[in-house]
$ cat data_8.tsv   # TSV, N, CA and C atoms
chain	number	residue	atom	x	y	z
A	56	MET	N	12.38	16.36	35.42
A	56	MET	CA	11.98	16.45	36.81
A	56	MET	C	10.75	15.61	37.03
A	57	GLN	N	10.79	14.84	38.10
A	57	GLN	CA	9.66	14.00	38.45
A	57	GLN	C	8.93	14.64	39.62
A	58	ARG	N	7.73	15.16	39.38
A	58	ARG	CA	6.95	15.78	40.45
A	58	ARG	C	6.36	14.67	41.31
A	59	ILE	N	6.50	14.81	42.61
A	59	ILE	CA	5.92	13.83	43.52
A	59	ILE	C	4.81	14.49	44.31
A	60	THR	N	3.91	13.69	44.83
A	60	THR	CA	2.80	14.21	45.60
A	60	THR	C	3.24	14.48	47.04
A	61	ILE	N	2.42	15.20	47.76
A	61	ILE	CA	2.69	15.47	49.16
A	61	ILE	C	2.75	14.16	49.94
A	62	ALA	N	1.88	13.22	49.62
A	62	ALA	CA	1.89	11.92	50.32
A	62	ALA	C	3.20	11.19	50.10
A	63	LYS	N	3.67	11.14	48.86
A	63	LYS	CA	4.93	10.47	48.54
A	63	LYS	C	6.11	11.20	49.19
A	64	ALA	N	6.08	12.51	49.18
A	64	ALA	CA	7.16	13.30	49.80
A	64	ALA	C	7.21	13.06	51.30
A	65	THR	N	6.07	12.95	51.94
A	65	THR	CA	6.01	12.69	53.37
A	65	THR	C	6.65	11.35	53.70
A	66	MET	N	6.33	10.33	52.92
A	66	MET	CA	6.93	9.01	53.14
A	66	MET	C	8.43	9.05	52.90
A	67	LEU	N	8.83	9.69	51.82
A	67	LEU	CA	10.24	9.77	51.46
A	67	LEU	C	11.04	10.53	52.51
A	68	LEU	N	10.53	11.66	52.96
A	68	LEU	CA	11.21	12.45	53.98
A	68	LEU	C	11.30	11.70	55.30
A	69	SER	N	10.27	10.97	55.64
A	69	SER	CA	10.28	10.18	56.87
A	69	SER	C	11.36	9.09	56.82
A	70	GLU	N	11.44	8.39	55.71
A	70	GLU	CA	12.47	7.36	55.54
A	70	GLU	C	13.87	7.98	55.54
A	71	LEU	N	14.00	9.11	54.88
A	71	LEU	CA	15.28	9.80	54.82
A	71	LEU	C	15.69	10.28	56.22
A	72	LEU	N	14.75	10.78	56.97
A	72	LEU	CA	15.02	11.22	58.34
A	72	LEU	C	15.51	10.05	59.20
A	73	ASP	N	14.88	8.90	59.07
A	73	ASP	CA	15.32	7.71	59.82
A	73	ASP	C	16.76	7.34	59.47
A	74	CYS	N	17.09	7.37	58.20
A	74	CYS	CA	18.47	7.05	57.77
A	74	CYS	C	19.47	8.08	58.26
A	75	MET	N	19.08	9.35	58.23
A	75	MET	CA	19.99	10.40	58.70
A	75	MET	C	20.20	10.31	60.21
A	76	GLU	N	19.19	9.88	60.95
A	76	GLU	CA	19.36	9.67	62.38
A	76	GLU	C	20.34	8.53	62.63
A	77	ASP	N	20.26	7.46	61.82
A	77	ASP	CA	21.24	6.37	61.91
A	77	ASP	C	22.64	6.91	61.65
A	78	LEU	N	22.76	7.72	60.61
A	78	LEU	CA	24.05	8.30	60.26
A	78	LEU	C	24.59	9.15	61.41
A	79	TYR	N	23.73	9.90	62.04
A	79	TYR	CA	24.13	10.72	63.18
A	79	TYR	C	24.75	9.86	64.28
A	80	TRP	N	24.07	8.78	64.63
A	80	TRP	CA	24.56	7.93	65.72
A	80	TRP	C	25.80	7.14	65.33
A	81	GLU	N	26.01	6.92	64.04
A	81	GLU	CA	27.19	6.20	63.57
A	81	GLU	C	28.41	7.12	63.39
A	82	SER	N	28.19	8.40	63.40
A	82	SER	CA	29.28	9.36	63.19
A	82	SER	C	30.29	9.28	64.32
A	83	GLN	N	31.57	9.35	63.93
A	83	GLN	CA	32.64	9.23	64.92
A	83	GLN	C	33.28	10.55	65.30
A	84	THR	N	33.01	11.60	64.53
A	84	THR	CA	33.59	12.90	64.83
A	84	THR	C	32.49	13.93	65.05
A	85	MET	N	32.83	14.99	65.76
A	85	MET	CA	31.86	16.05	65.99
A	85	MET	C	31.45	16.73	64.68
A	86	GLU	N	32.39	16.88	63.76
A	86	GLU	CA	32.08	17.48	62.47
A	86	GLU	C	31.01	16.67	61.73
A	87	MET	N	31.17	15.36	61.76
A	87	MET	CA	30.19	14.49	61.10
A	87	MET	C	28.84	14.55	61.82
A	88	LYS	N	28.87	14.58	63.14
A	88	LYS	CA	27.62	14.69	63.90
A	88	LYS	C	26.92	16.02	63.62
A	89	ASP	N	27.69	17.12	63.57
A	89	ASP	CA	27.11	18.44	63.29
A	89	ASP	C	26.44	18.47	61.92
A	90	ALA	N	27.12	17.94	60.92
A	90	ALA	CA	26.55	17.92	59.56
A	90	ALA	C	25.29	17.06	59.51
A	91	SER	N	25.35	15.91	60.16
A	91	SER	CA	24.19	15.02	60.18
A	91	SER	C	23.03	15.65	60.93
A	92	PHE	N	23.35	16.29	62.06
A	92	PHE	CA	22.30	16.94	62.85
A	92	PHE	C	21.63	18.06	62.07
A	93	ASN	N	22.40	18.81	61.30
A	93	ASN	CA	21.84	19.88	60.48
A	93	ASN	C	20.79	19.33	59.51
A	94	VAL	N	21.10	18.21	58.87
A	94	VAL	CA	20.16	17.59	57.94
A	94	VAL	C	18.94	17.07	58.69
A	95	VAL	N	19.16	16.44	59.83
A	95	VAL	CA	18.05	15.93	60.64
A	95	VAL	C	17.12	17.07	61.03
A	96	ARG	N	17.68	18.19	61.44
A	96	ARG	CA	16.89	19.36	61.84
A	96	ARG	C	16.04	19.88	60.68
A	97	ILE	N	16.65	19.99	59.51
A	97	ILE	CA	15.92	20.49	58.33
A	97	ILE	C	14.80	19.52	57.92
A	98	LEU	N	15.11	18.22	57.89
A	98	LEU	CA	14.10	17.23	57.50
A	98	LEU	C	12.97	17.17	58.51
A	99	ASN	N	13.32	17.29	59.79
A	99	ASN	CA	12.30	17.26	60.83
A	99	ASN	C	11.36	18.48	60.71
A	100	ALA	N	11.93	19.64	60.44
A	100	ALA	CA	11.11	20.85	60.27
A	100	ALA	C	10.18	20.69	59.06
A	101	GLU	N	10.69	20.11	57.99
A	101	GLU	CA	9.87	19.91	56.79
A	101	GLU	C	8.73	18.94	57.07
A	102	LEU	N	9.04	17.86	57.77
A	102	LEU	CA	8.00	16.88	58.10
A	102	LEU	C	6.93	17.50	59.01
A	103	MET	N	7.36	18.33	59.95
A	103	MET	CA	6.40	18.99	60.84
A	103	MET	C	5.44	19.88	60.04
A	104	GLU	N	5.97	20.57	59.06
A	104	GLU	CA	5.10	21.40	58.22
A	104	GLU	C	4.15	20.55	57.38
A	105	LEU	N	4.63	19.43	56.89
A	105	LEU	CA	3.77	18.56	56.07
A	105	LEU	C	2.67	17.91	56.88
A	106	THR	N	2.87	17.73	58.18
A	106	THR	CA	1.81	17.16	59.01
A	106	THR	C	0.64	18.13	59.16
A	107	LYS	N	0.88	19.40	58.89
A	107	LYS	CA	-0.19	20.40	58.97
A	107	LYS	C	-1.07	20.43	57.72
A	108	VAL	N	-0.62	19.76	56.65
A	108	VAL	CA	-1.37	19.74	55.41
A	108	VAL	C	-2.50	18.72	55.53
A	109	SER	N	-3.68	19.12	55.14
A	109	SER	CA	-4.84	18.23	55.22
A	109	SER	C	-4.62	16.97	54.38
A	110	VAL	N	-5.10	15.85	54.90
A	110	VAL	CA	-5.01	14.58	54.18
A	110	VAL	C	-5.71	14.68	52.82
A	111	GLN	N	-6.73	15.50	52.74
A	111	GLN	CA	-7.45	15.69	51.49
A	111	GLN	C	-6.59	16.36	50.41
A	112	ASP	N	-5.51	16.99	50.82
A	112	ASP	CA	-4.63	17.69	49.88
A	112	ASP	C	-3.36	16.92	49.55
A	113	HIS	N	-3.23	15.69	50.02
A	113	HIS	CA	-2.01	14.92	49.82
A	113	HIS	C	-1.77	14.48	48.38
A	114	HIS	N	-2.74	14.67	47.52
A	114	HIS	CA	-2.56	14.31	46.11
A	114	HIS	C	-1.93	15.45	45.30
A	115	TYR	N	-1.81	16.62	45.90
A	115	TYR	CA	-1.22	17.76	45.19
A	115	TYR	C	0.30	17.60	45.07
A	116	PRO	N	0.90	18.28	44.10
A	116	PRO	CA	2.36	18.21	43.95
A	116	PRO	C	3.06	18.79	45.18
A	117	TYR	N	4.18	18.18	45.54
A	117	TYR	CA	4.95	18.60	46.71
A	117	TYR	C	5.83	19.80	46.39
A	118	GLU	N	5.86	20.74	47.32
A	118	GLU	CA	6.78	21.86	47.28
A	118	GLU	C	7.37	22.01	48.68
A	119	VAL	N	8.66	22.33	48.76
A	119	VAL	CA	9.33	22.49	50.04
A	119	VAL	C	8.69	23.67	50.79
A	120	ILE	N	8.44	23.48	52.08
A	120	ILE	CA	7.74	24.49	52.86
A	120	ILE	C	8.66	25.19	53.86
A	121	SER	N	9.47	24.44	54.58
A	121	SER	CA	10.18	24.98	55.74
A	121	SER	C	11.45	25.76	55.40
A	122	CYS	N	11.97	25.59	54.22
A	122	CYS	CA	13.16	26.32	53.78
A	122	CYS	C	13.07	26.42	52.26
A	123	SER	N	14.05	27.02	51.65
A	123	SER	CA	14.01	27.09	50.19
A	123	SER	C	14.34	25.73	49.59
A	124	THR	N	13.83	25.49	48.41
A	124	THR	CA	14.11	24.26	47.71
A	124	THR	C	15.61	24.12	47.47
A	125	GLN	N	16.26	25.23	47.15
A	125	GLN	CA	17.70	25.21	46.89
A	125	GLN	C	18.49	24.83	48.14
A	126	THR	N	18.07	25.33	49.29
A	126	THR	CA	18.74	24.99	50.55
A	126	THR	C	18.66	23.50	50.82
A	127	LEU	N	17.48	22.94	50.70
A	127	LEU	CA	17.30	21.51	50.92
A	127	LEU	C	18.10	20.70	49.90
A	128	ALA	N	18.06	21.11	48.65
A	128	ALA	CA	18.81	20.41	47.61
A	128	ALA	C	20.30	20.46	47.88
A	129	ASN	N	20.81	21.62	48.32
A	129	ASN	CA	22.24	21.76	48.62
A	129	ASN	C	22.67	20.88	49.79
A	130	VAL	N	21.85	20.85	50.82
A	130	VAL	CA	22.19	20.04	52.00
A	130	VAL	C	22.22	18.56	51.62
A	131	LEU	N	21.24	18.11	50.86
A	131	LEU	CA	21.20	16.71	50.45
A	131	LEU	C	22.34	16.38	49.48
A	132	GLU	N	22.70	17.34	48.64
A	132	GLU	CA	23.82	17.13	47.73
A	132	GLU	C	25.14	17.00	48.50
A	133	ASP	N	25.29	17.79	49.55
A	133	ASP	CA	26.49	17.68	50.39
A	133	ASP	C	26.59	16.29	51.02
A	134	VAL	N	25.48	15.78	51.50
A	134	VAL	CA	25.48	14.44	52.08
A	134	VAL	C	25.83	13.42	51.01
A	135	GLN	N	25.24	13.57	49.85
A	135	GLN	CA	25.49	12.65	48.75
A	135	GLN	C	26.97	12.66	48.34
A	136	ASN	N	27.58	13.83	48.30
A	136	ASN	CA	28.99	13.95	47.92
A	136	ASN	C	29.92	13.35	48.97
A	137	ASP	N	29.53	13.43	50.22
A	137	ASP	CA	30.38	12.96	51.31
A	137	ASP	C	30.05	11.54	51.77
A	138	ILE	N	29.17	10.89	51.06
A	138	ILE	CA	28.63	9.61	51.52
A	138	ILE	C	29.70	8.55	51.78
A	139	ALA	N	30.71	8.48	50.97
A	139	ALA	CA	31.73	7.43	51.13
A	139	ALA	C	32.51	7.62	52.44
A	140	GLY	N	32.83	8.84	52.77
A	140	GLY	CA	33.60	9.09	53.97
A	140	GLY	C	32.79	9.17	55.24
A	141	ARG	N	31.49	9.33	55.14
A	141	ARG	CA	30.67	9.58	56.32
A	141	ARG	C	29.93	8.35	56.81
A	142	ILE	N	29.61	7.45	55.94
A	142	ILE	CA	28.74	6.34	56.33
A	142	ILE	C	29.58	5.13	56.70
A	143	LEU	N	29.36	4.66	57.89
A	143	LEU	CA	30.18	3.60	58.43
A	143	LEU	C	29.62	2.20	58.15
A	144	ARG	N	28.34	2.05	58.23
A	144	ARG	CA	27.75	0.73	58.02
A	144	ARG	C	27.17	0.62	56.62
A	145	SER	N	27.36	-0.54	56.03
A	145	SER	CA	26.88	-0.74	54.65
A	145	SER	C	25.36	-0.68	54.58
A	146	ARG	N	24.66	-1.10	55.64
A	146	ARG	CA	23.20	-1.04	55.64
A	146	ARG	C	22.71	0.40	55.54
A	147	THR	N	23.36	1.29	56.28
A	147	THR	CA	22.98	2.70	56.23
A	147	THR	C	23.25	3.27	54.85
A	148	ARG	N	24.40	2.95	54.27
A	148	ARG	CA	24.73	3.42	52.93
A	148	ARG	C	23.71	2.90	51.92
A	149	ALA	N	23.37	1.62	52.02
A	149	ALA	CA	22.42	1.01	51.08
A	149	ALA	C	21.03	1.61	51.21
A	150	ASN	N	20.63	1.98	52.41
A	150	ASN	CA	19.31	2.59	52.61
A	150	ASN	C	19.30	4.06	52.21
A	151	LEU	N	20.39	4.76	52.50
A	151	LEU	CA	20.43	6.20	52.29
A	151	LEU	C	20.62	6.61	50.84
A	152	THR	N	21.44	5.90	50.10
A	152	THR	CA	21.76	6.27	48.72
A	152	THR	C	20.53	6.40	47.83
A	153	PRO	N	19.64	5.39	47.76
A	153	PRO	CA	18.48	5.56	46.88
A	153	PRO	C	17.51	6.65	47.35
A	154	LEU	N	17.42	6.84	48.66
A	154	LEU	CA	16.54	7.91	49.17
A	154	LEU	C	17.06	9.29	48.78
A	155	LEU	N	18.38	9.47	48.86
A	155	LEU	CA	18.97	10.74	48.45
A	155	LEU	C	18.74	11.00	46.96
A	156	LEU	N	18.89	9.96	46.16
A	156	LEU	CA	18.67	10.11	44.71
A	156	LEU	C	17.21	10.45	44.41
A	157	GLN	N	16.29	9.78	45.06
A	157	GLN	CA	14.85	10.06	44.85
A	157	GLN	C	14.51	11.48	45.25
A	158	MET	N	15.01	11.91	46.41
A	158	MET	CA	14.70	13.25	46.87
A	158	MET	C	15.35	14.30	45.98
A	159	SER	N	16.56	14.03	45.53
A	159	SER	CA	17.24	14.96	44.61
A	159	SER	C	16.47	15.10	43.31
A	160	ASP	N	15.97	13.99	42.79
A	160	ASP	CA	15.15	14.04	41.57
A	160	ASP	C	13.89	14.85	41.79
A	161	ALA	N	13.28	14.70	42.95
A	161	ALA	CA	12.03	15.41	43.25
A	161	ALA	C	12.26	16.90	43.41
A	162	LEU	N	13.47	17.30	43.83
A	162	LEU	CA	13.76	18.71	44.10
A	162	LEU	C	14.31	19.47	42.91
A	163	GLN	N	14.66	18.79	41.83
A	163	GLN	CA	15.25	19.47	40.68
A	163	GLN	C	14.24	20.46	40.11
A	164	VAL	N	14.76	21.65	39.86
A	164	VAL	CA	13.89	22.74	39.37
A	164	VAL	C	14.16	22.98	37.91
$ encode --input "data_8.tsv" --output "C-alpha coordinates"
Amino acid sequence: MQRITIAKATMLLSELLDCMEDLYWESQTMEMKDASFNVVRILNAELMELTKVSVQDHHYPYEVISCSTQTLANVLEDVQNDIAGRILRSRTRANLTPLLLQMSDALQV
(Lines of atoms letter the chains of each structure in order from A and count residues from 1; the text may use other names and numbers.)
(Lines give C-alpha, C1' and ligand atoms only; values in the text may rest on other atoms or scores of the structure.)
Protein backbone atom coordinates (compact mmCIF):
# COMPACT_ATOMS: atom_id res chain seq x y z
CA MET A 1 0.00 0.00 0.00
CA GLN A 2 1.26 3.41 -0.95
CA ARG A 3 0.17 6.05 1.57
CA ILE A 4 -0.46 9.41 -0.05
CA THR A 5 -0.66 12.79 1.60
CA ILE A 6 -3.78 14.90 1.85
CA ALA A 7 -2.31 17.30 -0.73
CA LYS A 8 -1.69 14.49 -3.23
CA ALA A 9 -5.15 13.00 -2.57
CA THR A 10 -6.78 16.37 -3.17
CA MET A 11 -5.07 16.71 -6.55
CA LEU A 12 -5.84 13.12 -7.49
CA LEU A 13 -9.51 13.37 -6.50
CA SER A 14 -9.87 16.64 -8.39
CA GLU A 15 -8.44 15.12 -11.57
CA LEU A 16 -10.57 12.02 -11.12
CA LEU A 17 -13.67 14.15 -10.64
CA ASP A 18 -12.95 16.01 -13.90
CA CYS A 19 -12.63 12.71 -15.78
CA MET A 20 -15.80 11.31 -14.23
CA GLU A 21 -17.69 14.45 -15.26
CA ASP A 22 -16.46 13.87 -18.82
CA LEU A 23 -17.66 10.28 -18.57
CA TYR A 24 -21.05 11.47 -17.36
CA TRP A 25 -21.52 13.75 -20.36
CA GLU A 26 -20.31 11.05 -22.76
CA SER A 27 -22.72 8.44 -21.40
CA GLN A 28 -25.43 7.41 -23.83
CA THR A 29 -27.79 5.60 -21.47
CA MET A 30 -29.50 6.60 -18.25
CA GLU A 31 -27.91 3.63 -16.47
CA MET A 32 -24.45 4.87 -17.43
CA LYS A 33 -25.33 8.43 -16.41
CA ASP A 34 -26.68 7.23 -13.04
CA ALA A 35 -23.53 5.23 -12.30
CA SER A 36 -21.29 8.11 -13.35
CA PHE A 37 -23.32 10.61 -11.34
CA ASN A 38 -23.03 8.42 -8.24
CA VAL A 39 -19.23 8.51 -8.50
CA VAL A 40 -19.24 12.26 -9.19
CA ARG A 41 -21.39 12.82 -6.09
CA ILE A 42 -19.09 10.75 -3.87
CA LEU A 43 -15.91 12.38 -5.19
CA ASN A 44 -17.41 15.84 -4.86
CA ALA A 45 -18.40 15.17 -1.24
CA GLU A 46 -14.88 13.93 -0.48
CA LEU A 47 -13.29 16.99 -2.07
CA MET A 48 -15.60 19.29 -0.11
CA GLU A 49 -14.46 17.64 3.12
CA LEU A 50 -10.80 17.93 2.13
CA THR A 51 -11.19 21.67 1.51
CA LYS A 52 -11.98 22.00 5.22
CA VAL A 53 -8.57 20.58 6.17
CA SER A 54 -6.01 23.23 7.03
CA VAL A 55 -3.23 23.73 4.49
CA GLN A 56 -0.80 23.21 7.37
CA ASP A 57 -2.08 19.63 7.67
CA HIS A 58 -1.76 18.67 3.99
CA HIS A 59 1.43 16.71 4.65
CA TYR A 60 -0.42 14.14 6.79
CA PRO A 61 -1.46 10.76 5.35
CA TYR A 62 -4.81 10.78 3.55
CA GLU A 63 -7.83 8.96 4.93
CA VAL A 64 -11.29 8.94 3.35
CA ILE A 65 -13.61 11.32 5.21
CA SER A 66 -17.03 11.48 3.55
CA CYS A 67 -17.77 7.75 3.32
CA SER A 68 -16.06 4.52 4.23
CA THR A 69 -12.84 3.62 2.49
CA GLN A 70 -14.46 0.37 1.35
CA THR A 71 -17.39 2.22 -0.24
CA LEU A 72 -15.10 4.49 -2.23
CA ALA A 73 -12.89 1.56 -3.22
CA ASN A 74 -15.92 -0.46 -4.37
CA VAL A 75 -17.34 2.39 -6.44
CA LEU A 76 -14.00 3.00 -8.14
CA GLU A 77 -13.54 -0.73 -8.72
CA ASP A 78 -16.95 -0.87 -10.41
CA VAL A 79 -15.91 1.93 -12.76
CA GLN A 80 -12.61 0.20 -13.43
CA ASN A 81 -14.36 -3.10 -14.25
CA ASP A 82 -16.86 -1.43 -16.58
CA ILE A 83 -14.37 0.89 -18.25
CA ALA A 84 -14.38 -0.80 -21.67
CA GLY A 85 -18.13 -0.63 -22.07
CA ARG A 86 -18.67 2.78 -20.51
CA ILE A 87 -16.03 5.06 -21.95
CA LEU A 88 -16.69 6.35 -25.40
CA ARG A 89 -13.72 8.57 -26.16
CA SER A 90 -10.16 7.30 -26.06
CA ARG A 91 -8.98 10.53 -24.39
CA THR A 92 -11.31 9.95 -21.46
CA ARG A 93 -10.20 6.32 -21.17
CA ALA A 94 -6.53 7.34 -21.33
CA ASN A 95 -7.00 9.98 -18.63
CA LEU A 96 -9.25 7.93 -16.36
CA THR A 97 -7.41 4.60 -16.29
CA PRO A 98 -4.20 5.76 -14.54
CA LEU A 99 -6.17 7.91 -12.09
CA LEU A 100 -8.33 4.93 -11.09
CA LEU A 101 -5.23 2.79 -10.60
CA GLN A 102 -3.52 5.46 -8.46
CA MET A 103 -6.58 5.97 -6.31
CA SER A 104 -7.11 2.22 -5.94
CA ASP A 105 -3.51 1.83 -4.78
CA ALA A 106 -3.97 4.65 -2.27
CA LEU A 107 -7.15 3.08 -0.86
CA GLN A 108 -5.87 -0.47 -0.37
CA VAL A 109 -6.07 -1.44 3.27
$ atom_distance --input "data_8.tsv" --atom1 "atom C of A:Glu132" --atom2 "atom N of A:Tyr117"
21.2 Å
$ closest_residue --input "data_8.tsv" --among "A:Asp133, A:Glu104, A:Glu118, A:Glu76" --to "A:Ile59" --atoms "all atoms listed in the file"
A:Glu118
$ atom_distance --input "data_8.tsv" --atom1 "atom C of A:Leu156" --atom2 "atom C of A:Thr60"
14.8 Å
$ atom_distance --input "data_8.tsv" --atom1 "atom C of A:Ala100" --atom2 "atom N of A:Glu86"
23.0 Å
$ closest_residue --input "data_8.tsv" --among "A:Leu162, A:Ala62, A:Met75, A:Ile97" --to "A:Ser109" --atoms "only C-alpha atoms"
A:Ala62
$ closest_residue --input "data_8.tsv" --among "A:Met158, A:Leu68, A:Met87, A:Leu151" --to "A:Ala128" --atoms "only N, CA and C atoms"
A:Met158
$ closest_residue --input "data_8.tsv" --among "A:Asn99, A:Asn150, A:His114, A:Asn93" --to "A:Val130" --atoms "only C-alpha atoms"
A:Asn93
$ residues_around --input "data_8.tsv" --residues "A:Cys74" --least-positions-apart "3" --cutoff "7 Å" --atoms "only N, CA and C atoms" --output "PyMOL selection string"
chain A and resi 69-71+77-79+147+150-151
$ select_by_dssp --input "data_8.tsv" --residues "chain A" --states "helix (DSSP H, G or I)" --output "PyMOL selection string"
chain A and resi 61-81+85-106+110-112+124-136+138-141+145-162
$ residues_around --input "data_8.tsv" --residues "A:Val134" --least-positions-apart "5" --cutoff "9 Å" --atoms "only C-alpha atoms" --output "ChimeraX atom specification"
/A:90-91,94,129,141,155
$ closest_residue --input "data_8.tsv" --among "A:Gln83, A:Ser121, A:Ser145, A:Thr106" --to "A:Met66" --atoms "only C-alpha atoms"
A:Thr106
$ closest_residue --input "data_8.tsv" --among "A:Ala149, A:Ala161, A:Ala139, A:Leu131" --to "A:Ile61" --atoms "only C-alpha atoms"
A:Ala161
